[in-house]
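Have a look at the structure below, then the notes.
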Protein chains: 2
Amino acid sequence: MLKLSKKADYGLLAVNHLTLYRSQGSVSARDIGKTYRIPVGLLAKVLQRLVQKGLLKSEHGANGGYRLAKPAEFISALDVISAIDGPVVITSCKTERGECVQTPACTVKEPLRRVNDRIVEALSSLSFAHINNPTFRLAAN
Amino acid sequence: MLKLSKKADYGLLAVNHLTLYRSQGSVSARDIGKTYRIPVGLLAKVLQRLVQKGLLKSEHGANGGYRLAKPAEFISALDVISAIDGPVVITSCKTERGECVQTPACTVKEPLRRVNDRIVEALSSLSFAHINNPTFRLAAN
DNA sequence: GAATATAGGACTGGAGAGGTCGCATATGCT
DNA sequence: AGCATATGCGACCTCTCCAGTCCTATATTC
Ligand code: SF4
Ligand code: SF4
C-alpha cells in the first residue's frame with residue numbers, strides 16, 4: 001500500500017528527538033515513548049535495531065539511554081527507515097520466497113525501478129540536520 | 001513497508017498491456033491474465049475498479065474486454081495506483097479510525113509530507129506513453 | 001440459446017504489522 | 001551489597017489486511 005510502517009515512523013520520531021536534545025546526553029526509550037505516546041516496549045526494539053545498524057549508541061544502566069552515533073547531518077531518513085524495515089523497494093520482483101512469476105513478461109519493472117530510485121534519492125537527501133531547519137528544502141526541488 | 005500492492009502492480013501491467021495493444025481493440029481480462037500469469041478473477045476486479053475510475057472502458061459479451069478510456073499520455077502511474085489502492089500517502093497521520101495519537105507532538109510530519117509530495121510527483125509524471133518510450137526519463141531528473 | 005464477457009459481492013487463508021511479556025545483563029546510587 | 005533503572009533479545013499474541021477464490025447476475029455475440 002506504499003505506506004511507511006509504524007515502526008519506521010517511530011524510529012524517525014525518536015532519532016529526531018535525539019537530534020533535538022543531543023546536547024543533553026542520552027535519552028531513555030521510556031522518556032521518548034512518553035513524549036510522543038509511543039508504546040515503550042516497541043520503541044525499545046526499534047531503537048535497538050538502530051544501534052545495531054550503527055546509527056545510535058546506547059548506554060546501559062541508570063541514566064542510560066540512547067544518543068546519536070554521529071552528527072545529524074550524516075543520518076538520513078533513508079538510513080532510519082531501511083534499518084528498521086529493510087531496503088526500500090516498492091516492488092515485489094524478488095522476495096525471500098523467490099521471484100515474482102510475472103517477471104519474465106513484465107513490462108513495468110524498469111519504469112518502477114526508476115521511480116524507486118527517485119524515492120530513495122528523496123529519502124537519502126533528507127538528513128536530520130535538514131529536518132530541523134525550518135526553511136529546509138529537499139534537494140533537487 | 002513502503003511497498004506497492006500486488007493489485008496495483010497488476011493494474012499497471014494491465015494498463016500498459018492495453019496501451020501496447022490499443023490498436024487491436026478490446027482485450028479480455030482472461031487474455032491479459034494468461035499473458036502475465038495473473039490470477040484472472042483478481043485481475044478482473046482490478047480492471048473493474050479502473051473502469052469505475054474512468055481510466056478504462058469495458059465491453060460486455062463475447063469479443064468484449066477492456067480498452068483505454070483516453071490516450072496513453074493522459075494516464076499516469078499515479079492514476080492507476082490511486083484508483084486501486086486509494087490515495088498515495090506514506091504516513092498514517094489520519095486513517096478511517098481517527099488520527100494518529102502522535103500527531104500533536106509529531107516533529108516529522110511536515111518533512112514526510114514533502115517526501116510524499118515528491119513521490120506523488122514522480123508517479124504522476126510517469127504516463128504510459130512515457131513508459132513505453134525506450135529512452136524515457138522521469139521529469140525533473 | 002450457448003458461449004463468452006464484465007459487474008460485483010461474500011468468503012477464506014495466510015502473512016505480516018503492531019504490540020506485550022519475561023528474562024538476562026549492564027550501570028549508577030545509596 | 002542491594003536496589004532501581006537501563007538496554008538486549010527472543011517468544012508470543014492479536015488483529016488487520018492483502019491476495020486469491022467462488023458464485024451469481026447481467027450483457028453481448030453468433
Ligand atoms: S510484476 Fe513486474 S514489477 Fe511487479 S513485481 Fe513482478 S516483476 Fe516486479
Ligand atoms: S507520527 Fe507523525 S508522521 Fe507518523 S503518522 Fe503520526 S503524525 Fe503522521
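Residue numbering restarts at 1 for every chain of the C-alpha cells, chains are lettered A, B, ... in their displayed order, and ligands are numbered from 1 as they appear.
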
Once chain B has been least-squares superposed onto chain A, matching all their Cα atoms in order, can you return it as a tab-separated table (two decimals) with C-alpha atoms, in the first residue's frame?
chain	number	residue	atom	x	y	z
B	1	MET	CA	0.04	-0.04	0.07
B	2	LEU	CA	3.04	2.29	-0.24
B	3	LYS	CA	2.89	3.17	3.43
B	4	LEU	CA	5.63	3.59	5.97
B	5	SER	CA	5.52	1.07	8.80
B	6	LYS	CA	4.65	2.42	12.20
B	7	LYS	CA	7.97	1.17	13.50
B	8	ALA	CA	9.86	3.20	10.92
B	9	ASP	CA	7.72	6.17	11.81
B	10	TYR	CA	8.60	5.74	15.47
B	11	GLY	CA	12.24	5.45	14.52
B	12	LEU	CA	12.19	8.75	12.67
B	13	LEU	CA	10.44	10.43	15.56
B	14	ALA	CA	12.96	9.06	18.04
B	15	VAL	CA	16.04	9.92	16.04
B	16	ASN	CA	14.72	13.40	15.51
B	17	HIS	CA	14.15	13.70	19.23
B	18	LEU	CA	17.72	12.64	19.89
B	19	THR	CA	18.85	15.22	17.36
B	20	LEU	CA	16.92	18.00	19.06
B	21	TYR	CA	18.18	17.06	22.52
B	22	ARG	CA	21.63	15.83	21.61
B	23	SER	CA	23.23	18.43	23.88
B	24	GLN	CA	21.63	16.80	26.90
B	25	GLY	CA	23.31	13.43	26.57
B	26	SER	CA	21.46	10.14	26.44
B	27	VAL	CA	17.69	9.84	26.49
B	28	SER	CA	15.91	6.65	27.54
B	29	ALA	CA	13.35	4.81	25.47
B	30	ARG	CA	10.98	5.40	28.32
B	31	ASP	CA	11.32	9.18	28.07
B	32	ILE	CA	10.94	9.26	24.32
B	33	GLY	CA	7.98	6.95	24.51
B	34	LYS	CA	6.21	9.17	27.00
B	35	THR	CA	6.90	12.31	24.99
B	36	TYR	CA	5.26	11.00	21.84
B	37	ARG	CA	2.93	8.41	23.33
B	38	ILE	CA	4.76	5.54	21.69
B	39	PRO	CA	4.47	2.08	23.34
B	40	VAL	CA	7.76	1.85	25.21
B	41	GLY	CA	8.42	-1.84	24.66
B	42	LEU	CA	8.03	-1.48	20.94
B	43	LEU	CA	10.08	1.68	20.76
B	44	ALA	CA	12.86	-0.01	22.69
B	45	LYS	CA	13.22	-2.65	20.04
B	46	VAL	CA	13.20	-0.09	17.29
B	47	LEU	CA	16.00	1.78	19.01
B	48	GLN	CA	17.93	-1.42	19.50
B	49	ARG	CA	17.79	-2.02	15.78
B	50	LEU	CA	19.14	1.45	15.14
B	51	VAL	CA	22.01	0.73	17.48
B	52	GLN	CA	22.78	-2.49	15.62
B	53	LYS	CA	22.92	-0.56	12.38
B	54	GLY	CA	25.33	1.94	13.87
B	55	LEU	CA	23.04	4.96	13.79
B	56	LEU	CA	22.74	5.26	17.56
B	57	LYS	CA	24.84	4.40	20.57
B	58	SER	CA	23.36	3.07	23.76
B	59	GLU	CA	24.28	3.26	27.42
B	60	HIS	CA	23.08	0.68	29.90
B	61	GLY	CA	22.03	1.24	33.47
B	62	ALA	CA	20.53	4.11	35.38
B	63	ASN	CA	20.78	7.43	33.54
B	64	GLY	CA	21.52	5.44	30.42
B	65	GLY	CA	19.70	5.64	27.13
B	66	TYR	CA	20.40	6.42	23.51
B	67	ARG	CA	22.27	9.12	21.64
B	68	LEU	CA	23.26	9.74	18.04
B	69	ALA	CA	26.30	7.80	16.89
B	70	LYS	CA	27.30	10.60	14.49
B	71	PRO	CA	26.37	14.16	13.59
B	72	ALA	CA	22.78	14.69	12.48
B	73	GLU	CA	23.89	15.75	9.00
B	74	PHE	CA	25.10	12.24	8.39
B	75	ILE	CA	21.93	10.42	9.36
B	76	SER	CA	19.21	10.38	6.72
B	77	ALA	CA	15.59	9.33	6.79
B	78	LEU	CA	16.57	6.52	4.45
B	79	ASP	CA	19.13	5.26	6.96
B	80	VAL	CA	16.51	5.00	9.66
B	81	ILE	CA	13.78	3.51	7.49
B	82	SER	CA	15.96	0.90	5.88
B	83	ALA	CA	17.51	-0.01	9.21
B	84	ILE	CA	14.07	-0.88	10.52
B	85	ASP	CA	12.05	-2.04	7.53
B	86	GLY	CA	14.86	-3.32	5.38
B	87	PRO	CA	15.83	-1.96	1.96
B	88	VAL	CA	13.38	0.42	0.31
B	89	VAL	CA	11.96	-1.40	-2.70
B	90	ILE	CA	8.44	-0.59	-3.83
B	91	THR	CA	8.04	-3.69	-5.96
B	92	SER	CA	7.98	-7.37	-5.07
B	93	CYS	CA	10.07	-8.48	-8.02
B	94	LYS	CA	12.18	-10.66	-5.79
B	95	THR	CA	11.38	-11.69	-2.25
B	96	GLU	CA	12.81	-14.23	0.14
B	97	ARG	CA	10.45	-16.73	-1.47
B	98	GLY	CA	11.81	-16.44	-4.98
B	99	GLU	CA	10.97	-13.99	-7.69
B	100	CYS	CA	7.58	-12.79	-8.85
B	101	VAL	CA	6.08	-15.05	-11.56
B	102	GLN	CA	5.31	-12.06	-13.76
B	103	THR	CA	8.95	-11.08	-14.02
B	104	PRO	CA	9.74	-12.67	-17.40
B	105	ALA	CA	6.86	-10.92	-19.16
B	106	CYS	CA	6.79	-7.79	-17.01
B	107	THR	CA	6.85	-4.51	-18.89
B	108	VAL	CA	6.69	-2.15	-15.94
B	109	LYS	CA	9.61	-3.38	-13.91
B	110	GLU	CA	12.12	-0.92	-15.31
B	111	PRO	CA	9.92	2.16	-15.03
B	112	LEU	CA	9.11	1.26	-11.46
B	113	ARG	CA	12.75	0.82	-10.70
B	114	ARG	CA	13.31	4.38	-11.76
B	115	VAL	CA	10.52	5.62	-9.57
B	116	ASN	CA	12.10	3.65	-6.76
B	117	ASP	CA	15.39	5.39	-7.38
B	118	ARG	CA	13.74	8.75	-7.04
B	119	ILE	CA	12.15	7.79	-3.76
B	120	VAL	CA	15.45	6.56	-2.41
B	121	GLU	CA	17.06	9.76	-3.52
B	122	ALA	CA	14.43	11.87	-1.79
B	123	LEU	CA	14.78	9.93	1.45
B	124	SER	CA	18.55	9.89	1.45
B	125	SER	CA	18.76	13.61	0.81
B	126	LEU	CA	16.72	14.23	3.92
B	127	SER	CA	19.07	14.35	6.90
B	128	PHE	CA	18.01	15.13	10.43
B	129	ALA	CA	20.02	18.32	10.41
B	130	HIS	CA	17.87	19.14	7.43
B	131	ILE	CA	14.57	18.22	9.04
B	132	ASN	CA	15.02	20.60	11.92
B	133	ASN	CA	15.90	23.53	9.72
B	134	PRO	CA	12.61	25.42	9.46
B	135	THR	CA	13.40	26.56	5.94
B	136	PHE	CA	14.59	23.26	4.60
B	137	ARG	CA	14.03	22.11	1.05
B	138	LEU	CA	14.53	18.70	-0.42
B	139	ALA	CA	17.46	18.50	-2.77
B	140	ALA	CA	16.78	18.85	-6.49
B	141	ASN	CA	13.46	20.48	-5.86

DSSP-assigned strand (DSSP E) members of range 1-137 of chain B, reported as a PyMOL selection string: chain B and resi 56-59+65-68+94-95+98-99

Can you pull out every residue within 12 Å of DA11 in chain D, counting only C-alpha atoms (C1' of nucleotides), but drop anything in the same chain fewer than 6 positions away, and send it as a PyMOL selection string? chain C and resi 20-23

Can you write out the residues you just picked, keeping C-alpha atoms (C1' of nucleotides), as a PDB file, in the first residue's frame?
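See part_24.pdb below for the written result:
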ATOM      1  C1'  DT C  20       3.245  -7.394  25.026  1.00  0.00           C
ATOM      2  C1'  DC C  21       5.982 -10.043  28.271  1.00  0.00           C
ATOM      3  C1'  DG C  22       9.702 -12.106  30.565  1.00  0.00           C
ATOM      4  C1'  DC C  23      14.435 -12.641  31.407  1.00  0.00           C
TER       5       DC C  23
END

Please report as a tab-separated table every residue of chain C lying within 12 Å of chain A, along with the nearest atom pair and their distance in Å (one decimal), using only C-alpha atoms (C1' of nucleotides).
residue	atom	partner	partner_atom	distance
C:DG16	C1'	A:Ser5	CA	10.9
C:DA17	C1'	A:Ser5	CA	7.6
C:DG18	C1'	A:Lys6	CA	7.8
C:DG19	C1'	A:Leu42	CA	6.6
C:DT20	C1'	A:Gly41	CA	7.6
C:DC21	C1'	A:Gly41	CA	9.3
C:DG22	C1'	A:Gly41	CA	11.9
C:DT25	C1'	A:His60	CA	8.9
C:DA26	C1'	A:His60	CA	5.4
C:DT27	C1'	A:Gly61	CA	3.7
C:DG28	C1'	A:Ala62	CA	5.3
C:DC29	C1'	A:Ala62	CA	8.7

Restricted to C-alpha atoms (C1' of nucleotides), what would the selected residues look like written as a PDB file, in the first residue's frame?
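Output file again_25.pdb is given in full below:
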ATOM      1  C1'  DG C  16       2.835  -9.521   8.443  1.00  0.00           C
ATOM      2  C1'  DA C  17       2.294  -5.386  11.284  1.00  0.00           C
ATOM      3  C1'  DG C  18       1.815  -3.777  15.944  1.00  0.00           C
ATOM      4  C1'  DG C  19       2.302  -4.715  20.428  1.00  0.00           C
ATOM      5  C1'  DT C  20       3.245  -7.394  25.026  1.00  0.00           C
ATOM      6  C1'  DC C  21       5.982 -10.043  28.271  1.00  0.00           C
ATOM      7  C1'  DG C  22       9.702 -12.106  30.565  1.00  0.00           C
ATOM      8  C1'  DT C  25      22.721  -8.068  31.513  1.00  0.00           C
ATOM      9  C1'  DA C  26      24.874  -3.650  32.496  1.00  0.00           C
ATOM     10  C1'  DT C  27      25.236   0.610  35.250  1.00  0.00           C
ATOM     11  C1'  DG C  28      24.548   4.222  38.841  1.00  0.00           C
ATOM     12  C1'  DC C  29      23.109   5.392  43.538  1.00  0.00           C
TER      13       DC C  29
END

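Every chain D residue lying within 9 Å of chain B, based on only C-alpha atoms (C1' of nucleotides), is listed here: DC18, DA19, DG20, DT21, DA27, DT28, DT29 and DC30 of chain D.
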
Check the DSSP output for the backbone and give back, as a PyMOL selection string, the residues of chain B in alpha helix (DSSP H). chain B and resi 6-20+29-36+40-52+77-85+109-124+128-131
